$ cat my_file19.cif   # mmCIF, C-alpha atoms
data_start
#
loop_
_atom_site.label_atom_id
_atom_site.label_comp_id
_atom_site.auth_asym_id
_atom_site.auth_seq_id
_atom_site.Cartn_x
_atom_site.Cartn_y
_atom_site.Cartn_z
CA MET A 1 0.00 0.00 0.00
CA ASP A 2 1.44 3.39 -0.97
CA ARG A 3 0.94 5.83 1.90
CA HIS A 4 1.70 9.52 1.59
CA VAL A 5 2.11 12.11 4.27
CA SER A 6 -0.38 14.98 4.38
CA ASP A 7 0.56 18.60 3.64
CA ARG A 8 0.09 19.27 7.35
CA SER A 9 2.74 16.70 8.25
CA ILE A 10 5.16 17.97 5.60
CA ASN A 11 4.81 21.49 6.92
CA ARG A 12 5.41 20.36 10.49
CA LEU A 13 8.73 18.80 9.49
CA SER A 14 10.90 21.78 10.32
CA ARG A 15 13.78 23.06 8.24
CA ARG A 16 16.13 22.25 11.11
CA THR A 17 14.92 18.66 11.32
CA ALA A 18 15.50 18.16 7.61
CA LEU A 19 18.90 19.80 7.82
CA ALA A 20 19.96 17.84 10.87
CA THR A 21 18.79 14.64 9.24
CA SER A 22 20.56 15.32 5.98
CA LEU A 23 23.83 15.92 7.79
CA GLY A 24 23.41 12.73 9.77
CA GLY A 25 23.83 14.66 13.02
CA LEU A 26 27.37 13.42 13.49
CA ALA A 27 28.65 16.31 15.57
CA VAL A 28 25.66 16.49 17.91
CA ALA A 29 25.43 12.71 18.11
CA GLY A 30 29.08 12.53 19.12
CA LEU A 31 28.55 15.20 21.76
CA ALA A 32 25.54 13.40 23.20
CA ARG A 33 27.28 10.02 23.08
CA GLY A 34 30.14 11.45 25.12
CA MET A 35 27.75 12.94 27.66
CA ASN A 36 25.84 9.67 27.88
CA ALA A 37 29.03 7.73 28.52
CA ALA A 38 30.04 10.16 31.20
CA GLY A 39 26.63 9.89 32.85
CA GLN A 40 26.35 13.65 33.26
CA ALA A 41 26.17 16.78 31.16
CA THR A 42 27.42 20.33 31.29
CA PRO A 43 24.91 22.65 29.62
CA VAL A 44 26.17 25.71 27.80
CA ALA A 45 23.87 28.58 26.97
CA THR A 46 23.97 32.16 25.78
CA PRO A 47 22.06 34.69 27.87
CA VAL A 48 19.87 36.11 25.07
CA MET A 49 16.34 34.70 24.69
CA THR A 50 13.25 35.82 22.80
CA ASP A 51 9.66 34.62 22.89
CA ASP A 52 10.09 33.21 19.38
CA ALA A 53 12.80 30.70 20.27
CA SER A 54 12.10 27.07 19.46
CA TYR A 55 14.22 24.01 20.06
CA LEU A 56 15.35 20.88 18.29
CA PHE A 57 16.00 17.85 20.51
CA VAL A 58 18.52 15.07 19.98
CA GLN A 59 18.72 11.68 21.69
CA ALA A 60 21.93 9.95 20.67
CA GLY A 61 24.18 7.05 21.58
CA PHE A 62 21.64 4.27 21.10
CA THR A 63 23.57 1.03 20.59
CA SER A 64 20.72 -0.92 19.02
CA GLY A 65 17.02 -0.88 18.45
CA SER A 66 14.01 -2.57 16.90
CA LEU A 67 10.88 -1.65 15.01
CA ALA A 68 7.79 -3.85 15.41
CA ASP A 69 4.61 -3.43 13.37
CA ASN A 70 1.63 -3.12 15.74
CA GLY A 71 -0.79 -4.03 12.95
CA ASP A 72 -2.82 -0.82 13.31
CA GLY A 73 -0.70 1.58 11.27
CA THR A 74 1.71 2.21 14.14
CA TYR A 75 5.06 0.75 15.11
CA GLN A 76 6.72 0.05 18.45
CA LEU A 77 10.11 1.79 18.27
CA THR A 78 12.48 0.44 20.93
CA LEU A 79 15.90 2.02 21.50
CA LEU A 80 18.57 0.58 23.80
CA ASN A 81 21.30 2.39 25.74
CA ALA A 82 19.03 5.41 25.94
CA PRO A 83 20.73 8.59 27.16
CA ALA A 84 19.89 9.96 30.58
CA GLN A 85 20.13 13.44 29.08
CA THR A 86 18.45 14.81 25.95
CA VAL A 87 20.40 17.46 24.02
CA TYR A 88 18.59 20.62 22.91
CA PHE A 89 19.56 23.59 20.81
CA SER A 90 17.80 26.62 19.39
CA ASP A 91 18.05 28.44 16.11
CA ARG A 92 19.55 31.87 15.51
CA PRO A 93 19.91 34.38 17.02
CA GLU A 94 19.84 32.72 20.45
CA ARG A 95 21.88 29.58 19.68
CA LEU A 96 21.11 28.09 23.07
CA VAL A 97 22.62 24.64 23.67
CA GLY A 98 22.30 22.35 26.66
CA THR A 99 20.83 19.17 28.05
CA THR A 100 17.76 18.28 30.03
CA PRO A 101 17.02 14.99 31.82
CA THR A 102 15.33 12.59 29.41
CA GLU A 103 12.60 11.84 31.96
CA ARG A 104 11.76 15.54 32.22
CA PHE A 105 11.84 15.97 28.45
CA LEU A 106 9.41 13.11 27.89
CA ALA A 107 7.06 14.30 30.64
CA GLU A 108 6.96 17.98 29.66
CA MET A 109 7.57 18.12 25.91
CA GLY A 110 4.13 16.86 24.97
CA PHE A 111 3.68 13.80 22.79
CA ASP A 112 -0.02 14.43 22.19
CA SER A 113 -1.52 12.16 19.54
CA GLY A 114 -3.49 15.16 18.23
CA ASP A 115 -0.28 17.03 17.35
CA PRO A 116 2.66 14.66 17.78
CA PRO A 117 6.22 15.79 17.13
CA ASN A 118 8.02 14.64 14.01
CA ALA A 119 11.31 12.82 14.41
CA ALA A 120 14.06 11.52 12.17
CA LEU A 121 15.77 8.30 13.22
CA VAL A 122 19.29 8.20 11.75
CA ILE A 123 20.72 4.67 11.72
CA GLN A 124 24.48 4.31 11.32
CA GLY A 125 25.49 1.58 8.91
CA ASP A 126 28.76 0.19 7.64
CA ALA A 127 31.39 2.44 6.05
CA GLY A 128 29.72 5.62 7.26
CA GLN A 129 26.44 4.92 5.46
CA THR A 130 23.21 5.99 7.12
CA ASP A 131 19.53 5.13 6.82
CA ILE A 132 16.86 7.65 7.77
CA ILE A 133 13.31 6.92 8.93
CA VAL A 134 10.83 9.73 9.59
CA PHE A 135 8.08 9.26 12.18
CA GLU A 136 5.48 10.97 14.27
CA LEU A 137 6.07 9.96 17.90
CA THR A 138 3.66 9.40 20.79
CA ALA A 139 3.48 7.47 24.06
CA PRO A 140 7.15 7.57 25.14
CA VAL A 141 8.30 5.21 27.90
CA TYR A 142 11.77 5.57 29.41
CA ASP A 143 13.18 2.88 31.71
CA ALA A 144 16.26 4.35 33.39
CA ASP A 145 17.09 1.06 35.12
CA VAL A 146 17.78 -0.73 31.84
CA ALA A 147 18.40 2.42 29.74
CA SER A 148 15.65 1.67 27.22
CA LEU A 149 13.30 4.06 25.47
CA THR A 150 10.17 3.16 23.51
CA TYR A 151 7.81 5.23 21.40
CA THR A 152 4.66 4.51 19.45
CA ALA A 153 5.61 5.67 15.95
CA VAL A 154 3.68 6.44 12.76
CA LEU A 155 5.77 6.27 9.60
CA LEU A 156 5.77 9.40 7.44
CA GLU A 157 6.34 8.90 3.72
CA GLY A 158 6.07 10.78 0.45
CA PHE A 159 8.42 13.70 1.14
CA ASP A 160 9.29 15.93 -1.78
CA GLN A 161 12.92 17.01 -1.98
CA LEU A 162 11.78 20.67 -2.26
CA VAL A 163 14.91 21.50 -4.23
CA GLU A 164 13.59 24.96 -5.10
CA THR A 165 13.53 25.94 -1.40
CA GLY A 166 16.72 24.18 -0.39
CA VAL A 167 14.87 21.99 2.11
CA GLY A 168 14.93 18.24 1.82
CA PHE A 169 16.97 15.14 2.44
CA VAL A 170 20.38 14.23 1.12
CA GLU A 171 19.23 10.62 1.45
CA GLU A 172 15.67 9.46 0.76
CA PRO A 173 14.00 8.31 3.98
CA LEU A 174 13.09 4.63 4.12
CA THR A 175 9.59 3.54 3.15
CA VAL A 176 7.27 0.92 4.57
CA ASP A 177 8.77 -1.68 2.22
CA SER A 178 12.33 -1.16 3.46
CA LEU A 179 12.00 -0.76 7.23
CA PRO A 180 14.43 -2.83 9.33
CA GLU A 181 13.09 -4.98 12.15
CA GLU A 182 16.38 -4.53 14.05
CA PHE A 183 19.22 -2.05 13.69
CA GLY A 184 22.44 -0.94 15.36
CA GLU A 185 23.74 2.47 16.43
CA SER A 186 21.30 5.31 15.94
CA SER A 187 20.30 8.84 16.92
CA LEU A 188 16.88 10.45 17.11
CA PHE A 189 16.22 14.07 16.06
CA ILE A 190 12.92 15.38 17.38
CA ASP A 191 11.12 18.30 15.79
CA ASN A 192 11.20 21.85 17.02
CA SER A 193 9.01 22.98 19.89
CA PRO A 194 8.34 26.22 21.76
CA TRP A 195 8.71 24.34 25.06
CA ASP A 196 11.64 25.87 26.95
CA PRO A 197 13.83 23.07 28.34
CA ARG A 198 16.09 25.30 30.41
#
$ encode --input "my_file19.cif" --output "structure tokens"
Amino acid sequence: MDRHVSDRSINRLSRRTALATSLGGLAVAGLARGMNAAGQATPVATPVMTDDASYLFVQAGFTSGSLADNGDGTYQLTLLNAPAQTVYFSDRPERLVGTTPTERFLAEMGFDSGDPPNAALVIQGDAGQTDIIVFELTAPVYDADVASLTYTAVLLEGFDQLVETGVGFVEEPLTVDSLPEEFGESSLFIDNSPWDPR
């Protein structure tokens, strides 16, 4: 079955999410992986803030994961070695960067099924290759004792490259016919939000 994302969903996929996905998020993923390994984080922020600031969130350092079809149009996304801290950063001119506890992020960000955030899962493959899967995420569950994180995910498909606007993906996101049941190292980029994580 060929499923296409609605205009509403395409519009909600922010420019920063597309950009971060197309770059593979290597720099931010490396930063978050280091903070996860250390078990703590040192936030850095600039003092300027406006009411228009919005944030992109990154969860990185997952060592493996799985994707199970729930049979109702949703998937169970399970990620292992989940970070205790979620990285955030804002766009210009503020350029705020820091971390917030993952438990707080999941509780306060809002994963409402009526307006769920978009996310790009970037899976690291062999020889620096990456696969990208774009979802809407709801119902997060974080288990700090075993460092696992699960989401209910709806696959988004049918993205135009939008070459004329400069927004799009360097790599085509995976479709329903090419989704992996299991995968290795990965990072999750979650769409922008006006929620202030500081």
$ residues_around --input "my_file19.cif" --residues "segment 104-114 of chain A" --least-positions-apart "6" --cutoff "12 Å" --atoms "only C-alpha atoms" --output "PyMOL selection string"
chain A and resi 9+54-59+74+83-88+136-143+149-154+190-198
$ atom_distance --input "my_file19.cif" --atom1 "atom CA of Gly98 of chain A" --atom2 "atom CA of Gly125 of chain A"
27.5 Å
$ atom_distance --input "my_file19.cif" --atom1 "atom CA of Leu96 of chain A" --atom2 "atom CA of Gly61 of chain A"
21.3 Å
$ residues_near_point --input "my_file19.cif" --point "(12.5, 12.2, 13.8)" --cutoff "7 Å" --atoms "all atoms listed in the file" --output "PyMOL selection string"
chain A and resi 118-121+134-135+188-191
$ residues_near_point --input "my_file19.cif" --point "(13.5, -3.7, 14.6)" --cutoff "7 Å" --atoms "all atoms listed in the file" --output "list in words"
Gly65, Ser66, Leu67, Ala68, Pro180, Glu181, Glu182 and Phe183 of chain A
$ atom_distance --input "my_file19.cif" --atom1 "atom CA of Ile133 of chain A" --atom2 "atom CA of Ser178 of chain A"
9.8 Å
$ closest_residue --input "my_file19.cif" --among "A:Thr102, A:Glu171, A:Ala53, A:Ile132" --to "Leu155 of chain A" --atoms "all atoms listed in the file"
A:Ile132
$ closest_residue --input "my_file19.cif" --among "A:Leu179, A:Leu174, A:Ala127, A:Ala60" --to "Asn81 of chain A" --atoms "all atoms listed in the file"
A:Ala60
